[in-house]
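Taking it in order: structure first as structure tokens, then the write-up.
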Amino acid sequence: MTDDVEGLEAALAAVQAAAEAAINVAGTLVRELKKARTSAATGQLRDLDRSLALAETLAARLNRQVADVRTAHDVDATEQLASGAYTKELLAAAADAGLSMFEEDGRLLCYPSLVKVLPNELAIEIDRRRERRIRPSAVVELLAKVQQSGPRFRAESFLASLAAAYDLVVAKQHKAGGVVVKLLDTYAVLTLLPGQARDYGKQEFTRDLYLLDLSGTVDTLGRRLRWAASTGTKQAGVLTTVARTGQQQRYWGIAFSE
């Protein structure tokens, strides 16, 4: 059985190499069988016997090559994903590629993407989209492409939703307009309906806050957003995400003023 210490990347590289070797043997086998077909069609019996003998030898070799592919694939991928070994390997692969990736609360943050490992499905989730191509080098390449293309984020729409949630929090807490409220309270309003908090977690919310902050968009319907941090980031309720540079970004409160 493949040594789990080597990781999924090494196991899949071994499978790839073994499959390539089997393909080469299979290609030679097919060529010899075609020669045998041609010899049979024209009655070249000596060539026919030679091609069939070689085809038998190649068929036996191919059988061994296929067995080698199966042996290389004998790795408990579910255990690697569930144990955290895969996550460590993915973090190492990202670091080797110069891609900033961090683990937080069971998910991986890699601007602008959030990655979740799904052991029972032998898959990962990237921004809530299922992805079954989980070879570490392939995942890092995919995340790098997403990072280069930039996030698909509509700052104006998100800002409008944030302002509406802010108004509801202010009204519920009987506060005056323009006062600072906690972002956790606005998040609670945005995810009031059953299942919404599961579908739109705090990490996604915080990532969107960062993307909004990064966009520089602050005006909506005649009002302006004001970020509140200072002493707030030292208190409970701080939301943290990772910037493209790898630095932590912290958010605590907001206010909207006319």
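So you can find residues: chains in the structure tokens are A, B, ... in the order shown, residues in each start at 1, and ligands are numbered from 1 in order.
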Open item on the list: What's around stretch 212-229 of chain A at 10 Å? Count only C-alpha atoms, leave out sequence neighbours fewer than 3 positions away in its own chain, and write the answer as an NGL selection string.
Closed with: :A and (153-163 or 178-183 or 206-209 or 232-235 or 238 or 243 or 250-258)
Open item on the list: For the strand (DSSP E) assignment from backbone DSSP, which residues of stretch 81-148 of chain A qualify? Please present them as JSON, numbers by chain.
Closed with: {"A": [102, 103, 104, 107, 108, 109, 110, 113, 114, 115, 116, 117, 118, 123, 124, 125, 126, 129, 130, 131]}
Task: For A:Leu118, the nearest of the candidates A:Ala77, A:Ala82, A:Ala164, A:Leu193, counting only C-alpha atoms - done: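 Comparing A:Ala77, A:Ala82, A:Ala164, A:Leu193 against A:Leu118, the winner is A:Ala82.
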Task: Exercise: A:Ser113 partners within 8 Å, only C-alpha atoms, chain neighbours under 4 positions left out, as an MDAnalysis selection string - done: chainID A and resid 109 126:127 143 146:147
Task: Length of the atom CA of A:Val117 to atom CA of A:Leu81 vector [Å] - done: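 It comes out at 6.8 Å.
For the pair atom CA of A:Leu8 and atom CA of A:Arg64, the interatomic distance is 23.1 Å.
Taking atom CA of A:Leu29 as the reference point, atom CA of A:Arg50 is found at 12.7 Å.
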